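Shown below: work22.cif, with mmCIF, N, CA and C atoms.
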data_model
loop_
_atom_site.group_PDB
_atom_site.id
_atom_site.type_symbol
_atom_site.label_atom_id
_atom_site.label_comp_id
_atom_site.auth_asym_id
_atom_site.auth_seq_id
_atom_site.Cartn_x
_atom_site.Cartn_y
_atom_site.Cartn_z
ATOM 1 N N MET A 876 -18.799 0.454 3.831
ATOM 2 C CA MET A 876 -17.600 -0.322 3.661
ATOM 3 C C MET A 876 -16.686 0.409 2.698
ATOM 4 N N TYR A 877 -15.387 0.156 2.844
ATOM 5 C CA TYR A 877 -14.409 0.759 1.938
ATOM 6 C C TYR A 877 -13.890 -0.316 1.003
ATOM 7 N N VAL A 878 -13.716 0.069 -0.261
ATOM 8 C CA VAL A 878 -13.298 -0.855 -1.308
ATOM 9 C C VAL A 878 -12.094 -0.248 -2.013
ATOM 10 N N ILE A 879 -11.045 -1.045 -2.154
ATOM 11 C CA ILE A 879 -9.870 -0.655 -2.929
ATOM 12 C C ILE A 879 -9.996 -1.301 -4.304
ATOM 13 N N VAL A 880 -9.711 -0.514 -5.333
ATOM 14 C CA VAL A 880 -9.642 -1.058 -6.690
ATOM 15 C C VAL A 880 -8.244 -0.779 -7.212
ATOM 16 N N GLN A 881 -7.589 -1.840 -7.631
ATOM 17 C CA GLN A 881 -6.258 -1.726 -8.228
ATOM 18 C C GLN A 881 -6.432 -1.909 -9.732
ATOM 19 N N HIS A 882 -6.110 -0.851 -10.476
ATOM 20 C CA HIS A 882 -6.262 -0.871 -11.936
ATOM 21 C C HIS A 882 -4.898 -1.103 -12.597
ATOM 22 N N THR A 883 -4.854 -2.037 -13.524
ATOM 23 C CA THR A 883 -3.719 -2.196 -14.424
ATOM 24 C C THR A 883 -4.238 -1.766 -15.787
ATOM 25 N N VAL A 884 -3.762 -0.620 -16.244
ATOM 26 C CA VAL A 884 -4.348 0.062 -17.396
ATOM 27 C C VAL A 884 -3.592 -0.298 -18.680
ATOM 28 N N THR A 885 -4.320 -0.765 -19.673
ATOM 29 C CA THR A 885 -3.713 -1.124 -20.958
ATOM 30 C C THR A 885 -3.820 0.000 -21.980
ATOM 31 N N ASP A 886 -4.767 0.902 -21.789
ATOM 32 C CA ASP A 886 -4.960 2.036 -22.695
ATOM 33 C C ASP A 886 -5.153 3.300 -21.846
ATOM 34 N N PRO A 887 -4.041 3.904 -21.383
ATOM 35 C CA PRO A 887 -4.158 5.042 -20.471
ATOM 36 C C PRO A 887 -4.996 6.201 -21.006
ATOM 37 N N ALA A 888 -4.840 6.561 -22.282
ATOM 38 C CA ALA A 888 -5.597 7.693 -22.816
ATOM 39 C C ALA A 888 -7.103 7.431 -22.724
ATOM 40 N N ALA A 889 -7.527 6.259 -23.122
ATOM 41 C CA ALA A 889 -8.956 5.920 -23.077
ATOM 42 C C ALA A 889 -9.444 5.790 -21.637
ATOM 43 N N PHE A 890 -8.678 5.111 -20.798
ATOM 44 C CA PHE A 890 -9.065 4.908 -19.395
ATOM 45 C C PHE A 890 -9.297 6.238 -18.687
ATOM 46 N N TRP A 891 -8.306 7.134 -18.753
ATOM 47 C CA TRP A 891 -8.411 8.397 -18.023
ATOM 48 C C TRP A 891 -9.463 9.311 -18.628
ATOM 49 N N SER A 892 -9.697 9.204 -19.927
ATOM 50 C CA SER A 892 -10.772 9.969 -20.548
ATOM 51 C C SER A 892 -12.130 9.496 -20.024
ATOM 52 N N LEU A 893 -12.300 8.188 -19.907
ATOM 53 C CA LEU A 893 -13.552 7.635 -19.384
ATOM 54 C C LEU A 893 -13.769 8.036 -17.926
ATOM 55 N N THR A 894 -12.722 8.008 -17.122
ATOM 56 C CA THR A 894 -12.887 8.353 -15.705
ATOM 57 C C THR A 894 -13.133 9.848 -15.515
ATOM 58 N N ASP A 895 -12.550 10.688 -16.377
ATOM 59 C CA ASP A 895 -12.767 12.136 -16.270
ATOM 60 C C ASP A 895 -14.225 12.513 -16.484
ATOM 61 N N SER A 896 -14.909 11.798 -17.346
ATOM 62 C CA SER A 896 -16.282 12.155 -17.701
ATOM 63 C C SER A 896 -17.332 11.344 -16.939
ATOM 64 N N ALA A 897 -16.900 10.477 -16.015
ATOM 65 C CA ALA A 897 -17.833 9.587 -15.316
ATOM 66 C C ALA A 897 -18.734 10.350 -14.347
ATOM 67 N N ARG A 898 -19.989 9.977 -14.355
ATOM 68 C CA ARG A 898 -20.947 10.475 -13.365
ATOM 69 C C ARG A 898 -21.196 9.336 -12.387
ATOM 70 N N LEU A 899 -20.967 9.599 -11.119
ATOM 71 C CA LEU A 899 -21.093 8.548 -10.109
ATOM 72 C C LEU A 899 -22.484 8.556 -9.490
ATOM 73 N N PRO A 900 -23.042 7.367 -9.279
ATOM 74 C CA PRO A 900 -24.336 7.301 -8.598
ATOM 75 C C PRO A 900 -24.195 7.740 -7.140
ATOM 76 N N ALA A 901 -25.280 8.201 -6.561
ATOM 77 C CA ALA A 901 -25.259 8.749 -5.199
ATOM 78 C C ALA A 901 -24.824 7.728 -4.150
ATOM 79 N N HIS A 902 -25.039 6.438 -4.396
ATOM 80 C CA HIS A 902 -24.709 5.423 -3.389
ATOM 81 C C HIS A 902 -23.229 5.013 -3.409
ATOM 82 N N LEU A 903 -22.422 5.593 -4.292
ATOM 83 C CA LEU A 903 -20.986 5.306 -4.357
ATOM 84 C C LEU A 903 -20.202 6.601 -4.196
ATOM 85 N N GLN A 904 -19.131 6.527 -3.427
ATOM 86 C CA GLN A 904 -18.297 7.710 -3.265
ATOM 87 C C GLN A 904 -16.837 7.322 -3.501
ATOM 88 N N LEU A 905 -16.193 8.052 -4.395
ATOM 89 C CA LEU A 905 -14.768 7.871 -4.670
ATOM 90 C C LEU A 905 -14.004 8.851 -3.789
ATOM 91 N N HIS A 906 -13.207 8.316 -2.851
ATOM 92 C CA HIS A 906 -12.476 9.158 -1.902
ATOM 93 C C HIS A 906 -11.104 9.569 -2.422
ATOM 94 N N HIS A 907 -10.369 8.616 -2.994
ATOM 95 C CA HIS A 907 -8.997 8.901 -3.431
ATOM 96 C C HIS A 907 -8.676 8.129 -4.701
ATOM 97 N N THR A 908 -7.856 8.751 -5.545
ATOM 98 C CA THR A 908 -7.287 8.094 -6.719
ATOM 99 C C THR A 908 -5.786 8.335 -6.683
ATOM 100 N N PHE A 909 -5.017 7.255 -6.753
ATOM 101 C CA PHE A 909 -3.557 7.334 -6.726
ATOM 102 C C PHE A 909 -2.996 6.747 -8.018
ATOM 103 N N PRO A 910 -2.786 7.567 -9.058
ATOM 104 C CA PRO A 910 -2.250 7.059 -10.327
ATOM 105 C C PRO A 910 -0.724 7.123 -10.366
ATOM 106 N N THR A 911 -0.124 6.249 -11.164
ATOM 107 C CA THR A 911 1.301 6.385 -11.459
ATOM 108 C C THR A 911 1.460 7.502 -12.490
ATOM 109 N N PRO A 912 2.655 8.090 -12.589
ATOM 110 C CA PRO A 912 2.847 9.192 -13.533
ATOM 111 C C PRO A 912 2.486 8.849 -14.981
ATOM 112 N N ASP A 913 2.721 7.610 -15.403
ATOM 113 C CA ASP A 913 2.415 7.240 -16.790
ATOM 114 C C ASP A 913 0.961 6.808 -16.992
ATOM 115 N N GLY A 914 0.174 6.743 -15.909
ATOM 116 C CA GLY A 914 -1.237 6.392 -16.014
ATOM 117 C C GLY A 914 -1.518 4.930 -16.247
ATOM 118 N N ARG A 915 -0.512 4.070 -16.144
ATOM 119 C CA ARG A 915 -0.703 2.639 -16.419
ATOM 120 C C ARG A 915 -1.158 1.837 -15.199
ATOM 121 N N HIS A 916 -1.095 2.453 -14.045
ATOM 122 C CA HIS A 916 -1.565 1.810 -12.802
ATOM 123 C C HIS A 916 -2.247 2.865 -11.956
ATOM 124 N N ALA A 917 -3.236 2.421 -11.190
ATOM 125 C CA ALA A 917 -3.888 3.318 -10.242
ATOM 126 C C ALA A 917 -4.508 2.481 -9.138
ATOM 127 N N VAL A 918 -4.585 3.090 -7.973
ATOM 128 C CA VAL A 918 -5.295 2.508 -6.843
ATOM 129 C C VAL A 918 -6.326 3.532 -6.407
ATOM 130 N N CYS A 919 -7.564 3.091 -6.240
ATOM 131 C CA CYS A 919 -8.648 3.995 -5.864
ATOM 132 C C CYS A 919 -9.334 3.486 -4.602
ATOM 133 N N VAL A 920 -9.753 4.423 -3.762
ATOM 134 C CA VAL A 920 -10.457 4.114 -2.522
ATOM 135 C C VAL A 920 -11.909 4.572 -2.672
ATOM 136 N N TRP A 921 -12.808 3.621 -2.569
ATOM 137 C CA TRP A 921 -14.246 3.865 -2.709
ATOM 138 C C TRP A 921 -14.959 3.605 -1.395
ATOM 139 N N GLU A 922 -16.116 4.216 -1.241
ATOM 140 C CA GLU A 922 -17.039 3.876 -0.167
ATOM 141 C C GLU A 922 -18.323 3.403 -0.828
ATOM 142 N N ALA A 923 -18.776 2.212 -0.424
ATOM 143 C CA ALA A 923 -19.949 1.595 -1.060
ATOM 144 C C ALA A 923 -20.562 0.585 -0.101
ATOM 145 N N ASP A 924 -21.744 0.101 -0.446
ATOM 146 C CA ASP A 924 -22.372 -0.942 0.359
ATOM 147 C C ASP A 924 -21.715 -2.297 0.147
ATOM 148 N N SER A 925 -21.087 -2.491 -1.029
ATOM 149 C CA SER A 925 -20.466 -3.785 -1.331
ATOM 150 C C SER A 925 -19.405 -3.628 -2.419
ATOM 151 N N VAL A 926 -18.541 -4.614 -2.498
ATOM 152 C CA VAL A 926 -17.558 -4.676 -3.584
ATOM 153 C C VAL A 926 -18.292 -4.777 -4.915
ATOM 154 N N GLU A 927 -19.370 -5.537 -4.941
ATOM 155 C CA GLU A 927 -20.121 -5.738 -6.182
ATOM 156 C C GLU A 927 -20.685 -4.429 -6.724
ATOM 157 N N ASP A 928 -21.087 -3.515 -5.831
ATOM 158 C CA ASP A 928 -21.601 -2.221 -6.301
ATOM 159 C C ASP A 928 -20.540 -1.450 -7.087
ATOM 160 N N VAL A 929 -19.312 -1.485 -6.593
ATOM 161 C CA VAL A 929 -18.216 -0.791 -7.285
ATOM 162 C C VAL A 929 -17.897 -1.517 -8.593
ATOM 163 N N ARG A 930 -17.811 -2.826 -8.532
ATOM 164 C CA ARG A 930 -17.520 -3.626 -9.730
ATOM 165 C C ARG A 930 -18.588 -3.425 -10.799
ATOM 166 N N ASP A 931 -19.863 -3.404 -10.387
ATOM 167 C CA ASP A 931 -20.961 -3.240 -11.341
ATOM 168 C C ASP A 931 -20.922 -1.879 -12.034
ATOM 169 N N LEU A 932 -20.381 -0.874 -11.380
ATOM 170 C CA LEU A 932 -20.216 0.433 -12.015
ATOM 171 C C LEU A 932 -19.020 0.438 -12.960
ATOM 172 N N LEU A 933 -17.870 -0.041 -12.471
ATOM 173 C CA LEU A 933 -16.621 0.141 -13.208
ATOM 174 C C LEU A 933 -16.434 -0.780 -14.403
ATOM 175 N N GLU A 934 -16.796 -2.026 -14.281
ATOM 176 C CA GLU A 934 -16.512 -2.967 -15.376
ATOM 177 C C GLU A 934 -17.158 -2.543 -16.700
ATOM 178 N N PRO A 935 -18.453 -2.215 -16.718
ATOM 179 C CA PRO A 935 -19.035 -1.767 -17.993
ATOM 180 C C PRO A 935 -18.489 -0.413 -18.448
ATOM 181 N N MET A 936 -18.219 0.481 -17.503
ATOM 182 C CA MET A 936 -17.764 1.826 -17.855
ATOM 183 C C MET A 936 -16.362 1.806 -18.457
ATOM 184 N N LEU A 937 -15.470 1.012 -17.887
ATOM 185 C CA LEU A 937 -14.068 1.044 -18.311
ATOM 186 C C LEU A 937 -13.763 0.083 -19.455
ATOM 187 N N GLY A 938 -14.693 -0.815 -19.736
ATOM 188 C CA GLY A 938 -14.539 -1.701 -20.882
ATOM 189 C C GLY A 938 -13.215 -2.428 -20.891
ATOM 190 N N GLY A 939 -12.572 -2.453 -22.044
ATOM 191 C CA GLY A 939 -11.316 -3.167 -22.199
ATOM 192 C C GLY A 939 -10.086 -2.310 -21.958
ATOM 193 N N THR A 940 -10.218 -1.205 -21.214
ATOM 194 C CA THR A 940 -9.078 -0.310 -21.020
ATOM 195 C C THR A 940 -8.173 -0.714 -19.863
ATOM 196 N N CYS A 941 -8.622 -1.694 -19.052
ATOM 197 C CA CYS A 941 -7.828 -2.062 -17.875
ATOM 198 C C CYS A 941 -8.268 -3.415 -17.338
ATOM 199 N N ARG A 942 -7.457 -3.910 -16.419
ATOM 200 C CA ARG A 942 -7.778 -5.102 -15.623
ATOM 201 C C ARG A 942 -7.882 -4.614 -14.190
ATOM 202 N N ASN A 943 -8.917 -5.024 -13.456
ATOM 203 C CA ASN A 943 -9.177 -4.504 -12.124
ATOM 204 C C ASN A 943 -9.203 -5.604 -11.079
ATOM 205 N N GLU A 944 -8.668 -5.295 -9.905
ATOM 206 C CA GLU A 944 -8.788 -6.162 -8.738
ATOM 207 C C GLU A 944 -9.507 -5.365 -7.665
ATOM 208 N N TYR A 945 -10.448 -6.012 -6.967
ATOM 209 C CA TYR A 945 -11.288 -5.366 -5.974
ATOM 210 C C TYR A 945 -11.061 -6.002 -4.609
ATOM 211 N N PHE A 946 -10.957 -5.162 -3.572
ATOM 212 C CA PHE A 946 -10.729 -5.644 -2.214
ATOM 213 C C PHE A 946 -11.582 -4.845 -1.234
ATOM 214 N N ALA A 947 -12.301 -5.517 -0.355
ATOM 215 C CA ALA A 947 -12.923 -4.835 0.784
ATOM 216 C C ALA A 947 -11.817 -4.625 1.808
ATOM 217 N N VAL A 948 -11.747 -3.430 2.380
ATOM 218 C CA VAL A 948 -10.689 -3.114 3.348
ATOM 219 C C VAL A 948 -11.286 -2.599 4.649
ATOM 220 N N GLU A 949 -10.465 -2.659 5.704
ATOM 221 C CA GLU A 949 -10.901 -2.326 7.051
ATOM 222 C C GLU A 949 -10.849 -0.834 7.356
ATOM 223 N N ASN A 950 -9.918 -0.098 6.742
ATOM 224 C CA ASN A 950 -9.688 1.286 7.151
ATOM 225 C C ASN A 950 -9.170 2.075 5.965
ATOM 226 N N ARG A 951 -9.765 3.216 5.662
ATOM 227 C CA ARG A 951 -9.337 4.007 4.514
ATOM 228 C C ARG A 951 -8.464 5.184 4.915
ATOM 229 N N GLU A 952 -8.381 5.521 6.196
ATOM 230 C CA GLU A 952 -7.768 6.778 6.594
ATOM 231 C C GLU A 952 -6.397 6.664 7.249
ATOM 232 N N GLY A 953 -5.962 5.512 7.586
ATOM 233 C CA GLY A 953 -4.678 5.413 8.269
ATOM 234 C C GLY A 953 -4.248 3.972 8.381
ATOM 235 N N ARG A 954 -3.406 3.736 9.338
ATOM 236 C CA ARG A 954 -2.916 2.384 9.546
ATOM 237 C C ARG A 954 -3.955 1.555 10.269
ATOM 238 N N ALA A 955 -4.086 0.320 9.856
ATOM 239 C CA ALA A 955 -5.021 -0.597 10.504
ATOM 240 C C ALA A 955 -4.446 -2.002 10.452
ATOM 241 N N ARG A 956 -4.791 -2.785 11.436
ATOM 242 C CA ARG A 956 -4.416 -4.193 11.456
ATOM 243 C C ARG A 956 -5.649 -4.995 11.039
ATOM 244 N N PRO A 957 -5.469 -6.015 10.198
ATOM 245 C CA PRO A 957 -6.621 -6.824 9.792
ATOM 246 C C PRO A 957 -7.315 -7.436 11.003
ATOM 247 N N SER A 958 -8.616 -7.298 11.098
ATOM 248 C CA SER A 958 -9.347 -7.804 12.256
ATOM 249 C C SER A 958 -9.346 -9.335 12.318
ATOM 250 N N GLY A 959 -9.150 -9.988 11.192
ATOM 251 C CA GLY A 959 -9.155 -11.448 11.164
ATOM 252 C C GLY A 959 -7.807 -12.093 11.411
ATOM 253 N N VAL A 960 -6.768 -11.302 11.696
ATOM 254 C CA VAL A 960 -5.433 -11.849 11.936
ATOM 255 C C VAL A 960 -5.037 -11.523 13.376
ATOM 256 N N PRO A 961 -4.889 -12.545 14.220
ATOM 257 C CA PRO A 961 -4.554 -12.272 15.611
ATOM 258 C C PRO A 961 -3.133 -11.723 15.742
ATOM 259 N N GLN A 962 -2.945 -10.835 16.706
ATOM 260 C CA GLN A 962 -1.617 -10.289 16.972
ATOM 261 C C GLN A 962 -0.868 -11.260 17.857
ATOM 262 N N ALA A 963 0.368 -11.554 17.501
ATOM 263 C CA ALA A 963 1.200 -12.480 18.275
ATOM 264 C C ALA A 963 1.534 -11.857 19.621
ATOM 265 N N ALA A 964 1.629 -12.680 20.647
ATOM 266 C CA ALA A 964 2.001 -12.196 21.979
ATOM 267 C C ALA A 964 3.376 -11.551 21.917
ATOM 268 N N GLY A 965 3.511 -10.379 22.498
ATOM 269 C CA GLY A 965 4.792 -9.680 22.518
ATOM 270 C C GLY A 965 5.101 -8.913 21.236
ATOM 271 N N ALA A 966 4.216 -8.956 20.247
ATOM 272 C CA ALA A 966 4.466 -8.239 18.991
ATOM 273 C C ALA A 966 4.342 -6.743 19.207
ATOM 274 N N GLY A 967 5.080 -5.989 18.467
ATOM 275 C CA GLY A 967 4.993 -4.539 18.507
ATOM 276 C C GLY A 967 5.892 -3.908 19.536
ATOM 277 N N ARG A 968 6.791 -4.675 20.106
ATOM 278 C CA ARG A 968 7.728 -4.118 21.092
ATOM 279 C C ARG A 968 8.949 -3.573 20.423
#

Take the structure from the file and write it as structure tokens.
Amino acid sequence: MYVIVQHTVTDPAAFWSLTDSARLPAHLQLHHTFPTPDGRHAVCVWEADSVEDVRDLLEPMLGGTCRNEYFAVENREGRARPSGVPQAAGAGR
């Protein structure tokens, strides 16, 4: 499964220092990190068995340096339509 983490960073120097030195367990893979130039926001794309696996790694590691939101997503590589939302008849014309 793919997991998006949206970070709102309160201490950019500490946050990015912690992420630079992080050792990731074999069952988690970080595919992409998209930071803002000032380092106060970032979106990361993970591959994991569950959202909880990513949360269990990041929350203790990052401490009080940020606030995080976690989302399971359908597709990490391109455009995707949510599988749980039906497409309206005639849409996309």

In Å and to one decimal, CA of Ala955 (chain A) is distant from CA of Val926 (chain A) by 19.3 Å

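Closest to Glu934 (chain A) among A:Asn950, A:Thr911, A:Thr894, A:Ser958 is A:Thr894, based on only C-alpha atoms.
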
Once 3 Å is added on each side, what are the centre and the three edge lengths, in Å to one decimal, of the axis-aligned box enclosing the listed atoms of region 945-964 of chain A? Present them as lines of an AutoDock Vina configuration file.
center_x = -4.8
center_y = -3.0
center_z = 7.5
size_x = 22.3
size_y = 25.5
size_z = 34.9

Which residues in chain A does DSSP call strand (DSSP E)? List them as a PyMOL selection string. chain A and resi 877-884+904-910+916-922+941-948

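Closest approach to Thr940 (chain A) from the set A:Pro961, A:Gly914, A:Leu903, A:Thr908 is made by A:Gly914, with distances taken over only C-alpha atoms.
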
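Closest approach to Thr883 (chain A) among A:Arg942, A:Arg898, A:Arg954, A:His907 is made by A:Arg942 (distances from all atoms listed in the file).
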
Starting from the shown file, work through the PyMOL selection byres (((chain A and resi 937 and name CA) around 12) and name CA) and note down what comes out as a PyMOL selection string. chain A and resi 882-897+929-936+938-943

Selected residues written out, N, CA and C atoms, as a compact mmCIF listing (two decimals), in the frame of the given file:
# COMPACT_ATOMS: atom_id res chain seq x y z
N HIS A 882 -6.11 -0.85 -10.48
CA HIS A 882 -6.26 -0.87 -11.94
C HIS A 882 -4.90 -1.10 -12.60
N THR A 883 -4.85 -2.04 -13.52
CA THR A 883 -3.72 -2.20 -14.42
C THR A 883 -4.24 -1.77 -15.79
N VAL A 884 -3.76 -0.62 -16.24
CA VAL A 884 -4.35 0.06 -17.40
C VAL A 884 -3.59 -0.30 -18.68
N THR A 885 -4.32 -0.76 -19.67
CA THR A 885 -3.71 -1.12 -20.96
C THR A 885 -3.82 0.00 -21.98
N ASP A 886 -4.77 0.90 -21.79
CA ASP A 886 -4.96 2.04 -22.70
C ASP A 886 -5.15 3.30 -21.85
N PRO A 887 -4.04 3.90 -21.38
CA PRO A 887 -4.16 5.04 -20.47
C PRO A 887 -5.00 6.20 -21.01
N ALA A 888 -4.84 6.56 -22.28
CA ALA A 888 -5.60 7.69 -22.82
C ALA A 888 -7.10 7.43 -22.72
N ALA A 889 -7.53 6.26 -23.12
CA ALA A 889 -8.96 5.92 -23.08
C ALA A 889 -9.44 5.79 -21.64
N PHE A 890 -8.68 5.11 -20.80
CA PHE A 890 -9.06 4.91 -19.40
C PHE A 890 -9.30 6.24 -18.69
N TRP A 891 -8.31 7.13 -18.75
CA TRP A 891 -8.41 8.40 -18.02
C TRP A 891 -9.46 9.31 -18.63
N SER A 892 -9.70 9.20 -19.93
CA SER A 892 -10.77 9.97 -20.55
C SER A 892 -12.13 9.50 -20.02
N LEU A 893 -12.30 8.19 -19.91
CA LEU A 893 -13.55 7.64 -19.38
C LEU A 893 -13.77 8.04 -17.93
N THR A 894 -12.72 8.01 -17.12
CA THR A 894 -12.89 8.35 -15.70
C THR A 894 -13.13 9.85 -15.52
N ASP A 895 -12.55 10.69 -16.38
CA ASP A 895 -12.77 12.14 -16.27
C ASP A 895 -14.22 12.51 -16.48
N SER A 896 -14.91 11.80 -17.35
CA SER A 896 -16.28 12.16 -17.70
C SER A 896 -17.33 11.34 -16.94
N ALA A 897 -16.90 10.48 -16.02
CA ALA A 897 -17.83 9.59 -15.32
C ALA A 897 -18.73 10.35 -14.35
N VAL A 929 -19.31 -1.48 -6.59
CA VAL A 929 -18.22 -0.79 -7.28
C VAL A 929 -17.90 -1.52 -8.59
N ARG A 930 -17.81 -2.83 -8.53
CA ARG A 930 -17.52 -3.63 -9.73
C ARG A 930 -18.59 -3.42 -10.80
N ASP A 931 -19.86 -3.40 -10.39
CA ASP A 931 -20.96 -3.24 -11.34
C ASP A 931 -20.92 -1.88 -12.03
N LEU A 932 -20.38 -0.87 -11.38
CA LEU A 932 -20.22 0.43 -12.02
C LEU A 932 -19.02 0.44 -12.96
N LEU A 933 -17.87 -0.04 -12.47
CA LEU A 933 -16.62 0.14 -13.21
C LEU A 933 -16.43 -0.78 -14.40
N GLU A 934 -16.80 -2.03 -14.28
CA GLU A 934 -16.51 -2.97 -15.38
C GLU A 934 -17.16 -2.54 -16.70
N PRO A 935 -18.45 -2.22 -16.72
CA PRO A 935 -19.04 -1.77 -17.99
C PRO A 935 -18.49 -0.41 -18.45
N MET A 936 -18.22 0.48 -17.50
CA MET A 936 -17.76 1.83 -17.86
C MET A 936 -16.36 1.81 -18.46
N GLY A 938 -14.69 -0.82 -19.74
CA GLY A 938 -14.54 -1.70 -20.88
C GLY A 938 -13.22 -2.43 -20.89
N GLY A 939 -12.57 -2.45 -22.04
CA GLY A 939 -11.32 -3.17 -22.20
C GLY A 939 -10.09 -2.31 -21.96
N THR A 940 -10.22 -1.20 -21.21
CA THR A 940 -9.08 -0.31 -21.02
C THR A 940 -8.17 -0.71 -19.86
N CYS A 941 -8.62 -1.69 -19.05
CA CYS A 941 -7.83 -2.06 -17.88
C CYS A 941 -8.27 -3.42 -17.34
N ARG A 942 -7.46 -3.91 -16.42
CA ARG A 942 -7.78 -5.10 -15.62
C ARG A 942 -7.88 -4.61 -14.19
N ASN A 943 -8.92 -5.02 -13.46
CA ASN A 943 -9.18 -4.50 -12.12
C ASN A 943 -9.20 -5.60 -11.08

Please identify the helix (DSSP H, G or I) residues within chain A (assignment by DSSP from backbone atoms) and present them as a ChimeraX atom specification. /A:887-895,926-940

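Distances here use only C-alpha atoms; by that measure, the residue among A:Glu944, A:Ala901, A:Val920, A:Glu927 closest to Gln881 (chain A) is A:Glu944.
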
Contacts of Trp921 (chain A) at 6 Å or less, counting only N, CA and C atoms, minus same-chain residues fewer than 5 places along, as a PyMOL selection string? chain A and resi 876-880+904-907

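Here atom C of Asp924 (chain A) and CA of Pro900 (chain A) stand 13.2 Å from one another.
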